[in-house]
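S.K.: Pasting model-v2.csv below, which is CSV, C-alpha atoms and all ligand atoms.
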chain,number,residue,atom,x,y,z
A,1,MET,CA,61.2,11.5,-39.2
A,2,LYS,CA,58.1,11.8,-37.0
A,3,PRO,CA,57.2,15.5,-37.7
A,4,GLN,CA,57.6,14.9,-41.4
A,5,ARG,CA,55.3,11.8,-41.2
A,6,THR,CA,52.7,13.9,-39.3
A,7,ARG,CA,52.9,16.7,-41.9
A,8,ARG,CA,52.3,14.2,-44.7
A,9,PHE,CA,49.3,12.7,-42.9
A,10,THR,CA,47.8,16.1,-42.4
A,11,LYS,CA,48.2,16.9,-46.0
A,12,VAL,CA,46.6,13.7,-47.2
A,13,PHE,CA,43.8,14.1,-44.6
A,14,SER,CA,43.0,17.6,-45.7
A,15,ARG,CA,43.2,16.6,-49.4
A,16,ILE,CA,40.6,13.9,-48.9
A,17,PHE,CA,38.2,15.7,-46.5
A,18,LEU,CA,38.6,19.4,-46.7
A,19,SER,CA,38.5,20.0,-50.5
A,20,GLU,CA,34.9,18.6,-50.8
A,21,PRO,CA,31.4,19.8,-50.1
A,22,SER,CA,30.3,18.7,-46.6
A,23,TRP,CA,27.8,16.1,-47.7
A,24,ILE,CA,30.5,14.2,-49.5
A,25,LEU,CA,32.7,14.5,-46.4
A,26,TRP,CA,29.9,12.9,-44.3
A,27,LEU,CA,29.3,10.1,-46.8
A,28,LYS,CA,33.1,9.3,-46.6
A,29,ILE,CA,33.0,9.2,-42.8
A,30,CYS,CA,30.0,6.9,-42.8
A,31,LEU,CA,31.6,4.5,-45.3
A,32,ALA,CA,35.1,4.5,-43.6
A,33,LEU,CA,33.9,4.0,-40.0
A,34,PRO,CA,32.5,0.4,-40.3
A,35,LEU,CA,35.5,-0.6,-42.4
A,36,THR,CA,37.9,0.7,-39.7
A,37,ILE,CA,36.0,-1.2,-36.9
A,38,ALA,CA,36.1,-4.4,-38.9
A,39,LEU,CA,39.8,-4.1,-39.5
A,40,ALA,CA,40.5,-3.4,-35.8
A,41,ASN,CA,38.6,-6.5,-34.9
A,42,THR,CA,40.6,-8.7,-37.3
A,43,VAL,CA,43.8,-7.5,-35.8
A,44,ALA,CA,42.6,-8.1,-32.2
A,45,CYS,CA,41.5,-11.6,-33.0
A,46,THR,CA,44.8,-12.7,-34.6
A,47,LYS,CA,46.6,-11.3,-31.5
A,48,GLY,CA,44.4,-13.2,-29.0
A,49,THR,CA,45.5,-16.2,-27.0
A,50,SER,CA,42.4,-18.3,-27.8
A,51,ALA,CA,42.7,-22.0,-28.2
A,52,ASP,CA,42.8,-21.5,-32.0
A,53,ALA,CA,46.3,-20.1,-31.6
A,54,THR,CA,47.4,-23.4,-30.0
A,55,ALA,CA,45.3,-25.6,-32.4
A,56,SER,CA,47.1,-28.8,-33.0
A,57,PRO,CA,46.4,-31.4,-35.7
A,58,ALA,CA,43.7,-32.9,-33.5
A,59,THR,CA,41.7,-29.6,-33.6
A,60,ASN,CA,42.1,-29.2,-37.3
A,61,PRO,CA,38.7,-30.0,-38.9
A,62,GLU,CA,40.5,-32.0,-41.5
A,63,SER,CA,42.1,-34.3,-38.9
A,64,PRO,CA,40.1,-37.5,-38.2
A,65,ALA,CA,40.5,-36.9,-34.5
A,66,ALA,CA,38.6,-33.7,-34.7
A,67,THR,CA,35.1,-33.5,-33.2
A,68,PRO,CA,33.2,-30.3,-32.6
A,69,GLY,CA,33.1,-29.1,-29.0
A,70,PRO,CA,32.6,-26.0,-27.0
A,71,PRO,CA,35.3,-23.3,-27.8
A,72,ALA,CA,38.1,-22.8,-25.4
A,73,ALA,CA,37.4,-19.3,-24.2
A,74,ALA,CA,39.6,-17.3,-21.9
A,75,PRO,CA,38.0,-16.3,-18.6
A,76,THR,CA,36.3,-12.9,-18.6
A,77,ASP,CA,37.1,-12.0,-15.0
A,78,ASN,CA,40.4,-10.6,-13.7
A,79,ALA,CA,41.3,-13.5,-11.4
A,80,PRO,CA,45.1,-13.8,-10.9
A,81,LEU,CA,46.7,-16.8,-12.6
A,82,PRO,CA,47.0,-19.8,-10.2
A,83,HIS,CA,50.2,-20.8,-8.6
A,84,ILE,CA,50.7,-24.0,-6.6
A,85,ASP,CA,53.3,-24.5,-3.9
A,86,SER,CA,55.6,-26.7,-6.0
A,87,LYS,CA,58.2,-27.1,-3.3
A,88,ARG,CA,55.5,-28.6,-1.0
A,89,ALA,CA,54.2,-30.8,-3.8
A,90,PHE,CA,57.7,-32.1,-4.5
A,91,GLN,CA,58.2,-32.8,-0.8
A,92,TYR,CA,55.0,-34.8,-0.9
A,93,THR,CA,56.3,-36.8,-3.8
A,94,ARG,CA,59.5,-37.5,-1.8
A,95,GLU,CA,57.6,-38.6,1.2
A,96,VAL,CA,55.3,-40.9,-0.7
A,97,THR,CA,58.2,-42.4,-2.6
A,98,ALA,CA,60.0,-43.0,0.7
A,99,PHE,CA,57.3,-45.5,1.7
A,100,GLY,CA,58.8,-47.8,-0.9
A,101,PRO,CA,56.7,-50.2,-3.1
A,102,ARG,CA,53.0,-49.4,-2.5
A,103,TYR,CA,51.3,-52.2,-4.5
A,104,MET,CA,47.7,-53.3,-3.6
A,105,GLY,CA,47.4,-55.2,-0.4
A,106,SER,CA,50.9,-54.2,0.9
A,107,GLU,CA,51.8,-52.7,4.3
A,108,ASN,CA,53.3,-49.7,2.5
A,109,HIS,CA,50.0,-49.2,0.7
A,110,LYS,CA,48.2,-49.0,4.1
A,111,LYS,CA,50.7,-46.5,5.3
A,112,LEU,CA,50.1,-44.4,2.3
A,113,GLU,CA,46.3,-44.5,2.7
A,114,ARG,CA,46.9,-43.2,6.3
A,115,TYR,CA,49.3,-40.5,4.9
A,116,ILE,CA,46.7,-39.3,2.4
A,117,LEU,CA,43.9,-39.2,5.0
A,118,ASP,CA,46.1,-37.4,7.5
A,119,HIS,CA,46.5,-34.6,4.9
A,120,LEU,CA,42.7,-34.3,4.4
A,121,LYS,CA,41.7,-33.8,8.1
A,122,GLY,CA,38.7,-31.5,8.3
A,123,ASP,CA,37.8,-32.0,4.6
A,124,GLN,CA,34.8,-33.9,3.1
A,125,VAL,CA,36.4,-37.3,2.7
A,126,GLU,CA,34.8,-40.5,1.4
A,127,ASP,CA,36.1,-43.8,0.3
A,128,ASP,CA,35.1,-46.4,-2.2
A,129,ALA,CA,36.5,-49.7,-0.9
A,130,PHE,CA,35.9,-53.2,-2.3
A,131,THR,CA,37.7,-56.5,-3.0
A,132,ALA,CA,39.0,-57.1,-6.5
A,133,ASP,CA,39.0,-60.6,-7.8
A,134,THR,CA,42.1,-60.8,-10.0
A,135,VAL,CA,44.3,-63.4,-11.7
A,136,GLU,CA,46.7,-63.1,-8.8
A,137,GLY,CA,43.9,-63.6,-6.2
A,138,LYS,CA,41.8,-61.2,-4.1
A,139,PHE,CA,43.0,-57.7,-3.3
A,140,PRO,CA,41.6,-55.0,-1.1
A,141,VAL,CA,41.1,-51.9,-3.2
A,142,ARG,CA,40.3,-48.4,-1.9
A,143,ASN,CA,39.7,-45.2,-3.8
A,144,ILE,CA,40.0,-42.1,-1.6
A,145,LEU,CA,37.8,-39.1,-2.5
A,146,VAL,CA,37.7,-35.5,-1.2
A,147,LYS,CA,34.9,-33.2,-2.3
A,148,PHE,CA,35.1,-29.4,-2.5
A,149,PRO,CA,31.5,-28.2,-3.1
A,150,GLY,CA,30.8,-25.4,-5.5
A,151,THR,CA,28.0,-22.9,-6.1
A,152,LYS,CA,27.5,-24.1,-9.7
A,153,ASP,CA,25.5,-27.2,-10.6
A,154,GLY,CA,28.1,-29.8,-11.9
A,155,ILE,CA,31.3,-31.6,-10.9
A,156,ILE,CA,34.9,-31.4,-12.1
A,157,VAL,CA,36.7,-34.6,-11.2
A,158,ILE,CA,40.5,-35.1,-11.0
A,159,LEU,CA,41.9,-38.5,-10.7
A,160,GLY,CA,45.4,-39.7,-9.8
A,161,HIS,CA,46.5,-43.2,-8.9
A,162,TYR,CA,48.5,-44.0,-5.7
A,163,ASP,CA,49.2,-47.7,-6.2
A,164,THR,CA,52.5,-49.0,-7.6
A,165,VAL,CA,53.1,-52.0,-10.0
A,166,TYR,CA,52.4,-55.4,-8.3
A,167,PRO,CA,54.6,-57.5,-10.6
A,168,LEU,CA,57.5,-55.2,-9.8
A,169,ARG,CA,57.1,-55.5,-6.1
A,170,ASN,CA,60.5,-57.2,-5.5
A,171,SER,CA,62.4,-55.3,-8.2
A,172,GLY,CA,63.2,-52.1,-6.2
A,173,PHE,CA,60.6,-50.2,-8.1
A,174,VAL,CA,59.3,-47.3,-6.0
A,175,GLY,CA,57.3,-45.3,-8.6
A,176,ALA,CA,58.5,-41.7,-7.8
A,177,ASN,CA,56.8,-40.5,-11.0
A,178,ASP,CA,54.4,-43.4,-11.6
A,179,GLY,CA,52.2,-43.2,-8.5
A,180,GLY,CA,54.2,-40.7,-6.5
A,181,SER,CA,53.8,-37.6,-8.6
A,182,SER,CA,50.0,-38.2,-9.1
A,183,THR,CA,49.5,-38.7,-5.3
A,184,ALA,CA,51.4,-35.5,-4.5
A,185,ILE,CA,49.8,-33.2,-7.1
A,186,LEU,CA,46.3,-34.2,-5.8
A,187,LEU,CA,47.4,-33.4,-2.2
A,188,GLU,CA,48.6,-30.0,-3.4
A,189,PHE,CA,45.3,-29.4,-5.3
A,190,ALA,CA,43.5,-30.2,-2.0
A,191,ASN,CA,45.6,-27.5,-0.3
A,192,GLN,CA,44.7,-25.0,-3.1
A,193,LEU,CA,41.0,-25.8,-3.1
A,194,ARG,CA,40.7,-25.8,0.7
A,195,GLY,CA,42.3,-22.3,0.8
A,196,ASP,CA,44.2,-20.6,3.4
A,197,PRO,CA,42.0,-18.4,5.8
A,198,ASN,CA,44.9,-16.1,6.2
A,199,LYS,CA,45.4,-15.6,2.5
A,200,PRO,CA,42.0,-15.8,0.8
A,201,LYS,CA,42.2,-15.9,-3.0
A,202,PRO,CA,39.3,-14.9,-5.3
A,203,GLY,CA,37.9,-17.6,-7.6
A,204,LEU,CA,39.8,-20.8,-6.9
A,205,SER,CA,40.6,-21.1,-3.3
A,206,GLY,CA,37.6,-21.1,-1.1
A,207,THR,CA,37.5,-20.1,2.6
A,208,PRO,CA,37.4,-23.4,4.5
A,209,GLY,CA,33.8,-24.5,5.0
A,210,LYS,CA,32.5,-22.2,2.3
A,211,LYS,CA,31.5,-23.3,-1.2
A,212,ARG,CA,34.0,-22.5,-3.9
A,213,ASP,CA,32.9,-20.0,-6.6
A,214,GLY,CA,32.3,-22.4,-9.5
A,215,TYR,CA,31.7,-26.1,-10.0
A,216,SER,CA,32.2,-28.7,-7.3
A,217,VAL,CA,35.7,-30.2,-7.5
A,218,TRP,CA,36.2,-33.8,-6.5
A,219,LEU,CA,39.7,-35.2,-6.2
A,220,VAL,CA,40.1,-39.0,-6.3
A,221,TRP,CA,43.2,-41.0,-5.4
A,222,THR,CA,42.5,-44.1,-7.4
A,223,ASP,CA,43.8,-47.5,-6.4
A,224,GLY,CA,44.6,-50.5,-8.5
A,225,GLU,CA,45.4,-48.6,-11.7
A,226,GLU,CA,48.2,-51.0,-12.4
A,227,ALA,CA,47.8,-54.5,-13.8
A,228,VAL,CA,48.6,-57.3,-11.3
A,229,ARG,CA,50.1,-59.5,-14.2
A,230,LYS,CA,49.8,-58.0,-17.7
A,231,TRP,CA,47.8,-55.0,-18.8
A,232,SER,CA,44.4,-55.9,-20.3
A,233,ASP,CA,40.8,-54.7,-20.1
A,234,THR,CA,40.2,-57.0,-17.2
A,235,ASP,CA,43.7,-56.7,-15.5
A,236,SER,CA,44.1,-52.9,-14.9
A,237,LEU,CA,42.1,-49.9,-13.7
A,238,TYR,CA,40.5,-51.8,-10.9
A,239,GLY,CA,39.6,-48.7,-8.8
A,240,ALA,CA,38.5,-46.5,-11.8
A,241,ARG,CA,36.3,-49.3,-13.3
A,242,HIS,CA,34.6,-49.8,-9.9
A,243,LEU,CA,34.0,-46.0,-9.4
A,244,ALA,CA,32.7,-45.5,-13.0
A,245,GLU,CA,30.2,-48.3,-12.5
A,246,LYS,CA,29.1,-47.0,-9.1
A,247,TRP,CA,28.7,-43.4,-10.4
A,248,GLU,CA,26.7,-44.7,-13.4
A,249,LYS,CA,24.3,-46.4,-11.0
A,250,ASP,CA,23.9,-43.5,-8.6
A,251,GLY,CA,23.5,-40.8,-11.3
A,252,THR,CA,26.8,-39.0,-10.6
A,253,LEU,CA,28.2,-39.5,-14.1
A,254,LYS,CA,25.5,-37.2,-15.6
A,255,LYS,CA,26.7,-34.3,-13.4
A,256,ILE,CA,30.4,-34.5,-14.4
A,257,LYS,CA,31.4,-31.6,-16.6
A,258,ALA,CA,35.0,-32.7,-17.1
A,259,LEU,CA,37.2,-35.5,-15.7
A,260,MET,CA,41.0,-35.1,-15.8
A,261,VAL,CA,43.6,-37.7,-15.0
A,262,MET,CA,47.1,-36.8,-13.7
A,263,ASP,CA,49.7,-39.4,-14.3
A,264,MET,CA,53.6,-39.3,-14.4
A,265,ILE,CA,53.6,-35.5,-14.4
A,266,GLY,CA,56.9,-35.1,-12.4
A,267,ASP,CA,59.4,-35.9,-15.2
A,268,ALA,CA,62.0,-33.1,-15.2
A,269,ASP,CA,61.9,-33.3,-19.0
A,270,LEU,CA,58.2,-32.7,-19.2
A,271,ASN,CA,56.4,-33.4,-22.4
A,272,ILE,CA,52.7,-34.1,-22.5
A,273,ASP,CA,51.3,-35.5,-25.7
A,274,ARG,CA,47.6,-35.3,-26.8
A,275,ASN,CA,46.0,-38.6,-25.6
A,276,THR,CA,43.4,-39.2,-28.3
A,277,ASN,CA,41.4,-41.3,-25.9
A,278,GLY,CA,39.3,-38.4,-24.6
A,279,ALA,CA,37.4,-35.2,-25.5
A,280,PRO,CA,39.4,-32.9,-27.9
A,281,TRP,CA,37.6,-29.8,-26.6
A,282,LEU,CA,38.8,-30.5,-23.0
A,283,LEU,CA,42.4,-31.0,-24.2
A,284,ASP,CA,42.1,-27.8,-26.2
A,285,LEU,CA,41.0,-26.0,-23.0
A,286,ILE,CA,44.0,-27.5,-21.1
A,287,TYR,CA,46.4,-26.4,-23.9
A,288,ALA,CA,44.8,-22.9,-23.9
A,289,ALA,CA,45.3,-22.8,-20.1
A,290,ALA,CA,49.0,-23.8,-20.5
A,291,GLU,CA,49.4,-21.1,-23.1
A,292,ARG,CA,47.9,-18.4,-20.8
A,293,LEU,CA,50.6,-19.4,-18.2
A,294,GLY,CA,53.4,-19.5,-20.8
A,295,TYR,CA,53.8,-23.3,-20.5
A,296,GLN,CA,52.7,-24.3,-24.0
A,297,SER,CA,56.1,-25.7,-24.9
A,298,HIS,CA,55.5,-28.7,-22.6
A,299,PHE,CA,52.2,-29.5,-24.3
A,300,TYR,CA,52.9,-31.2,-27.6
A,301,ALA,CA,50.8,-31.5,-30.8
A,302,ARG,CA,52.0,-35.1,-31.1
A,303,GLN,CA,49.1,-37.4,-30.4
A,304,GLY,CA,48.2,-41.0,-29.9
A,305,PRO,CA,45.9,-43.2,-27.8
A,306,ILE,CA,46.9,-44.1,-24.2
A,307,GLU,CA,44.8,-46.2,-21.8
A,308,ASP,CA,44.6,-44.9,-18.2
A,309,ASP,CA,42.2,-44.3,-15.4
A,310,HIS,CA,39.9,-42.2,-17.6
A,311,ILE,CA,39.0,-45.1,-19.9
A,312,PRO,CA,36.0,-46.5,-17.9
A,313,PHE,CA,34.6,-42.9,-17.9
A,314,VAL,CA,35.3,-42.3,-21.6
A,315,LYS,CA,33.4,-45.5,-22.3
A,316,ARG,CA,30.4,-44.1,-20.5
A,317,GLY,CA,30.4,-40.7,-22.4
A,318,VAL,CA,32.1,-38.5,-19.8
A,319,PRO,CA,34.3,-35.7,-21.2
A,320,CYS,CA,37.8,-36.8,-20.2
A,321,ALA,CA,41.4,-35.8,-20.6
A,322,ASP,CA,44.5,-37.8,-19.5
A,323,VAL,CA,47.5,-35.6,-18.7
A,324,ILE,CA,50.4,-38.1,-18.9
A,325,ASP,CA,54.1,-37.9,-19.9
A,326,LEU,CA,54.8,-41.3,-21.2
A,327,ASP,CA,58.1,-40.3,-22.6
A,328,TYR,CA,60.1,-40.8,-19.4
A,329,GLY,CA,63.8,-41.0,-20.1
A,330,TYR,CA,65.2,-41.9,-23.5
A,331,ASN,CA,62.7,-44.2,-25.2
A,332,ASN,CA,60.6,-44.2,-22.0
A,333,VAL,CA,63.3,-46.4,-20.3
A,334,PHE,CA,62.5,-45.2,-16.7
A,335,TRP,CA,58.8,-46.2,-17.0
A,336,HIS,CA,58.0,-49.3,-14.9
A,337,SER,CA,61.7,-49.6,-14.0
A,338,PRO,CA,63.7,-49.3,-10.7
A,339,GLN,CA,65.1,-46.1,-12.3
A,340,ASP,CA,61.8,-44.3,-11.6
A,341,THR,CA,63.3,-42.4,-8.7
A,342,MET,CA,63.2,-38.8,-7.3
A,343,ASP,CA,66.4,-37.6,-9.1
A,344,LYS,CA,64.5,-37.8,-12.5
A,345,LEU,CA,61.8,-35.4,-11.3
A,346,SER,CA,61.5,-31.6,-10.8
A,347,PRO,CA,59.3,-29.3,-8.8
A,348,LYS,CA,58.9,-27.1,-11.9
A,349,SER,CA,57.1,-29.9,-13.8
A,350,LEU,CA,54.6,-30.3,-10.9
A,351,GLU,CA,54.2,-26.6,-11.0
A,352,ILE,CA,53.6,-26.5,-14.8
A,353,VAL,CA,50.9,-29.2,-14.6
A,354,GLY,CA,49.5,-28.0,-11.3
A,355,ASP,CA,49.0,-24.4,-12.4
A,356,THR,CA,47.7,-25.5,-15.8
A,357,ILE,CA,45.0,-27.7,-14.3
A,358,LEU,CA,44.0,-25.1,-11.8
A,359,GLU,CA,43.7,-22.6,-14.6
A,360,THR,CA,41.7,-25.1,-16.6
A,361,ILE,CA,39.3,-25.5,-13.7
A,362,HIS,CA,38.9,-21.7,-13.6
A,363,MET,CA,38.2,-21.7,-17.3
A,364,LEU,CA,35.6,-24.4,-16.9
A,365,ASP,CA,34.0,-22.5,-14.1
A,366,GLN,CA,33.4,-19.6,-16.5
A,367,ARG,CA,31.5,-21.6,-19.1
A,401,LIG,C1,50.4,-45.3,-16.8
A,401,LIG,C2,51.3,-45.5,-15.8
A,401,LIG,N1,49.9,-46.5,-17.1
A,401,LIG,C3,50.5,-47.4,-16.3
A,401,LIG,N2,51.3,-46.8,-15.5
A,401,LIG,C4,48.9,-46.8,-18.1
A,401,LIG,C5,49.5,-47.4,-19.3
A,401,LIG,C6,49.4,-48.8,-19.5
A,401,LIG,C7,50.0,-46.6,-20.3
A,401,LIG,C8,49.9,-49.4,-20.7
A,401,LIG,C9,50.5,-47.2,-21.5
A,401,LIG,C10,50.5,-48.6,-21.6
A,402,ZN,ZN,52.5,-47.6,-14.2
Translate the structure described by the file into structure tokens.
Ligand code: 1BN
Ligand code: ZN
M.R.:
Amino acid sequence: MKPQRTRRFTKVFSRIFLSEPSWILWLKICLALPLTIALANTVACTKGTSADATASPATNPESPAATPGPPAAAPTDNAPLPHIDSKRAFQYTREVTAFGPRYMGSENHKKLERYILDHLKGDQVEDDAFTADTVEGKFPVRNILVKFPGTKDGIIVILGHYDTVYPLRNSGFVGANDGGSSTAILLEFANQLRGDPNKPKPGLSGTPGKKRDGYSVWLVWTDGEEAVRKWSDTDSLYGARHLAEKWEKDGTLKKIKALMVMDMIGDADLNIDRNTNGAPWLLDLIYAAAERLGYQSHFYARQGPIEDDHIPFVKRGVPCADVIDLDYGYNNVFWHSPQDTMDKLSPKSLEIVGDTILETIHMLDQR
């Protein structure tokens, strides 16, 4: 087959080019060349893994949720794809859950504060502590922050809550996914961002004490995300509301390039919907990062609004995305139930979200 095809090609080629005077030959080459280049470009674009390939209804210009934003470009460097230690992250989730209920003001909450701080020894840690006046009385609230400074001007913030639901304090609710997984993934992000002096990685993991190559990354374990009685604008998001107000006053908000919330990301049956409360371009970037890693099947086109720790920042114009799987068990039955336990979770889910967010950070760094 092949030699015959080659012969036919040679015949056609010589019929077109060799049977004419040379000026006609050159004219044909000049006309054919730009056309060939344009065709090659079209083929390359349709094969690319740009965010366009993952475009969901929210990115369709005809969808009401669509707002123009920066395109989700793939990084231009050759940095290897990120890979968290998901076994370690899962072990953190197990240890956090083992404290039991960790609602605001409880002894277990204090133990967990200590546990988080013990894992951040030597890092640039700060806290944002205050007293919340709630319908159930006054509660001590403490957001814990760790900062990894970068060479670029701007901050990427990642939030995850560590408190559990106060009204469920005597129900056996331990929040393995809701509170446990978010605490754990942030601890693992800190490990990755801190870097291992014995295994330096280009791009993401910095050598300890040295600036990372990109934006500063701040991790925040938020407190008081849960309502103390019933979810409302005034009974929920105590820590996040306080932090947003504080960062508005001190000018930090203006420096935030992107803020991402991690919540309930450990479900073994992982499906993340597009939370329409946020910046579509940032979700597109997260979805493009997932696709680069081959994890796109866990990031759904289904969309809807969900309130979470990002809301006080969305209200102040910060580009936000909430990565949450609020489809936990059939019809979400494990959510806010004593059945939110370790056996429903999987290290693979932590890995999918962890790697995707680290890749998103890398893609943000390139912009
Ligand atoms: C997430 C986990 N949330 C609470 N625990 C936020 C939320 C509140 C999501 C109400 C949906 C409805
Ligand atoms: Zn909850």
S.K.: Write out as number ranges by chain which residues come within 12 Å of A:Gly172 when counting only C-alpha atoms, dropping same-chain ones fewer than 6 positions away.
M.R.: A: 97-102, 164-166, 336-341
S.K.: Using all atoms listed in the file, find the one residue out of A:Asn170, A:Ser346, A:Ser182, A:Gln192 that sits nearest to ligand ZN 402 (chain A).
M.R.: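 Between A:Asn170, A:Ser346, A:Ser182, A:Gln192, the residue approaching ligand ZN 402 (chain A) most closely is A:Ser182.
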S.K.: Please provide as a PyMOL selection string all residues within 6 Å of A:Leu345, with the sequence filter that same-chain residues fewer than 3 positions apart are discarded (counting only C-alpha atoms).
M.R.: chain A and resi 266-268+342
S.K.: For atom N1 of ligand LIG 401 (chain A) and atom CA of A:Leu358, determine how far apart the two atoms are, in Å to one decimal place.
M.R.: 22.8 Å
S.K.: Between atom CA of A:Pro82 and atom CA of A:Gly239, what is the distance, to one decimal in Å?
M.R.: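 Taking atom CA of A:Pro82 as the start and atom CA of A:Gly239 as the end point, the length is 29.9 Å.
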S.K.: Can I get the residues close to ligand ZN 402 (chain A) as a ChimeraX atom specification, where close means within 9 Å and we count only C-alpha atoms and all ligand atoms?
M.R.: /A:163-165,175,177-179,225-227,263-264,335-336
S.K.: Would you mind reading off the distance between atom CA of A:Ile324 and atom CA of A:Leu293, one decimal, in Å?
M.R.: 18.7 Å
S.K.: Determine, counting only C-alpha atoms, which protein, DNA and RNA residues have an atom within 10 Å of an atom of stretch 231-234 of chain A; residues of the same chain fewer than 6 positions away are not included. Present the result as a ChimeraX atom specification.
M.R.: /A:134-135,225,241,307,311-312
S.K.: Using all atoms listed in the file, can you tell me which of A:Gly304, A:Pro149, A:Gly214, A:Pro319 comes closest to ligand LIG 401 (chain A)?
M.R.: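 Closest residue, counting all atoms listed in the file: A:Gly304.
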S.K.: For ligand LIG 401 (chain A), which residue among A:Gly251, A:Gly224, A:Gly329, A:Gly209 is the nearest when counting only C-alpha atoms and all ligand atoms?
M.R.: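 Looking only at the distances to ligand LIG 401 (chain A), the closest residue turns out to be A:Gly224.
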S.K.: Let me make sure I understand: among A:Gly105, A:Ile286, A:Gly154, A:Ile144, which one has the smallest atom-to-atom distance to A:Leu253 if we use all atoms listed in the file?
M.R.: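 Answer, going by the shortest atom-to-atom distance: A:Gly154.
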S.K.: Do a neighbour search on A:Thr131 at 8 Å with all atoms listed in the file, toss out local chain neighbours closer than 2 positions, and write the hits as a PyMOL selection string.
M.R.: chain A and resi 129+133+138-141
S.K.: Which residue is closest to A:Val228? Choose from A:Asp77, A:Ala132, A:Ile158, A:Phe299 and count all atoms listed in the file.
M.R.: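 For A:Val228, the nearest of the candidates is A:Ala132.
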S.K.: Model the absent atoms of stretch 82-94 of chain A so that N, CA and C atoms are present, and write the result as a compact mmCIF listing (two decimals), in the frame of the given file.
M.R.:
# COMPACT_ATOMS: atom_id res chain seq x y z
N PRO A 82 46.73 -18.92 -11.36
CA PRO A 82 47.00 -19.80 -10.20
C PRO A 82 48.47 -20.12 -10.04
N HIS A 83 48.84 -20.44 -8.82
CA HIS A 83 50.20 -20.80 -8.60
C HIS A 83 50.29 -21.77 -7.40
N ILE A 84 50.61 -23.03 -7.69
CA ILE A 84 50.70 -24.00 -6.60
C ILE A 84 52.01 -23.83 -5.85
N ASP A 85 52.08 -24.48 -4.69
CA ASP A 85 53.30 -24.50 -3.90
C ASP A 85 54.11 -25.74 -4.41
N SER A 86 54.98 -25.54 -5.40
CA SER A 86 55.60 -26.70 -6.00
C SER A 86 56.68 -27.35 -5.12
N LYS A 87 57.26 -26.56 -4.23
CA LYS A 87 58.20 -27.10 -3.30
C LYS A 87 57.52 -28.14 -2.37
N ARG A 88 56.34 -27.71 -1.91
CA ARG A 88 55.50 -28.60 -1.00
C ARG A 88 55.09 -29.82 -1.78
N ALA A 89 54.66 -29.64 -3.05
CA ALA A 89 54.20 -30.80 -3.80
C ALA A 89 55.37 -31.77 -4.08
N PHE A 90 56.56 -31.22 -4.28
CA PHE A 90 57.70 -32.10 -4.50
C PHE A 90 58.08 -32.84 -3.23
N GLN A 91 57.94 -32.15 -2.10
CA GLN A 91 58.20 -32.80 -0.80
C GLN A 91 57.20 -33.95 -0.57
N TYR A 92 55.93 -33.74 -0.96
CA TYR A 92 55.00 -34.80 -0.90
C TYR A 92 55.42 -36.03 -1.70
N THR A 93 55.89 -35.72 -2.93
CA THR A 93 56.30 -36.80 -3.80
C THR A 93 57.47 -37.59 -3.14
N ARG A 94 58.39 -36.84 -2.52
CA ARG A 94 59.50 -37.50 -1.80
C ARG A 94 59.06 -38.38 -0.70
